[in-house]
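Here's the structure we're looking at; comments come further down.
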Amino acid sequence: MTNRDGAFTLIELLVVIAIIALLMGILVPVLHKAREQGKDVICRSNLRQIGIGASLYAEEWDLHVPRGSAEKTAWYMLFMPFLAQKPVNNDYRTVEIYRCPSYPDKDQTVCYVVNGWDFTDRNDKTGSEIRTSSRLTICTRRTETLYLVDNENGSWRPIIRSATDTPNVYLLDVWNPGHMPLSESHDTWTGRRVARARHRNGCNCLYLDWHVEWMAAEDMTADTWRFKR
């Protein structure tokens with residue numbers, strides 16, 4: 001008679017495999033969610049640190065902040081002397097806070113877009129691009145006005161690999177209804193620039209009072225970019 005003490009039957013082995021598969025099915029989504037939440041926290045921290053740099057920049061320059069990306073020097077270059085993380089050899093690409101860890105293409109060196117939207121009056125819903133700096137004092141609701149938000153990814157969105165990567169470096173501002181997260185346009189100049197679903201169904205935002213919070217894609221309107229309301 002064969003001694004089977006300590007051996008598994010085929011049925012027992014299948015039960016163990018089924019239990020392991022069940023546990024993996026439960027744990028994998030949980031681990032993925034935890035990983036994405038961790039990236040979200042890092043992204044918000046990045047924006048807060050950029051906000052501190054922007055605030056120090058404004059104090060130095062008579063309360064002015066850079067706007068559209070078509071200025072002589074892009075906002076991310078202007079902020080470098082005021083950041084806690086100092087760039088190596090004055091190369092902005094060594095500043096990790098300019099990168100969102102959730103951005104799919106790791107070649108992207110600037111994962112945020114700036115408020116370059118100017119309006120003629122309160123009834124103007126289209127607006128136009130502003131290429132100069134603006135004084136913070138002209139903003140009537142700084143706590144409700146966006147300054148930097150998550151940059152969209154897609155075949156129509158440029159990958160910025162260096163500060164001289166023209167004309168791509170001029171496509172990092174928001175100034176058109178087509179740039180909004182619910183836009184379906186994939187045009188290079190007027191297509192979606194604000195991430196629709198970088199973090200959950202929305203994106204992280206730095207406001208002009210330098211606080212950071214998440215905003216759902218459907219809640220973002222032209223008014224959230226308007227300096228004068």
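Letters for chains follow the order of the structure tokens (A, B, ...), residue numbers begin at 1 for each chain, and ligand numbers begin at 1 in the order shown.
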Residue neighbourhood region 135-138 of chain A, 12 Å, only C-alpha atoms, exclusion window fewer than 2 positions, as a ChimeraX atom specification: /A:54-55,57-59,61-67,118,132-133,140-143,145,147,207-210,226-229
Region 40-42 of chain A surroundings by only C-alpha atoms, 8 Å radius, close-in-sequence under 2 positions cut, as a PyMOL selection string: chain A and resi 36-38+44-46+100-102+199
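Closest approach to Arg196 (chain A) from the set A:Gly127, A:Gly154, A:Pro29, A:Gly116 is made by A:Gly154, with distances taken over only C-alpha atoms.
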Test item: residues at most 7 Å from Trp225 (chain A), only C-alpha atoms, excluding those fewer than 3 positions along its chain, as a list of chain:residue names: A:Asn115, A:Trp117, A:Thr145, A:Leu146, A:Ala222
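Checking A:Arg193, A:Gly68, A:Ala84, A:Trp156 one by one against Ser134 (chain A), counting only C-alpha atoms, you find the shortest gap at A:Gly68.
Separating CA of Leu206 (chain A) from CA of Glu184 (chain A) is a distance of 23.8 Å.
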DSSP alpha helix (DSSP H) selection over region 3-186 of chain A, as number ranges by chain: A: 10-60, 75-78
Backbone DSSP call of strand (DSSP E) for region 10-130 of chain A, listed as a PyMOL selection string: chain A and resi 64-65+112-115+117-118+128-129
Minimum-distance residue to Ile160 (chain A), chosen among A:Asn201, A:Asn89, A:Thr188, A:Gln108 (using only C-alpha atoms): A:Gln108
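When only C-alpha atoms are used to measure the gap to Gly178 (chain A), the shortest distance among A:Asn204, A:Ser128, A:Thr94, A:Thr120 belongs to A:Ser128.
For the pair CA of Met24 (chain A) and CA of Leu10 (chain A), the separation is 21.1 Å.
Closest to Cys139 (chain A) among A:Gly202, A:Asp223, A:Ser162, A:Met77 is A:Asp223, based on only C-alpha atoms.
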Among the residues A:Val169, A:Val174, A:Val15, A:Cys205, the one that comes closest to Thr126 (chain A) [using only C-alpha atoms]: A:Val174
Neighbour list for Asp107 (chain A) as a list of chain:residue names, cut-off 12 Å, only C-alpha atoms, skip fewer than 3 positions in-chain: A:Arg93, A:Arg99, A:Cys100, A:Pro101, A:Tyr103, A:Pro104, A:Val110, A:Cys111, A:Asn153, A:Pro158, A:Ile159, A:Ile160, A:Arg161, A:Ser162
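Relative to CA of Ala216 (chain A), CA of Leu182 (chain A) is found at 10.2 Å.
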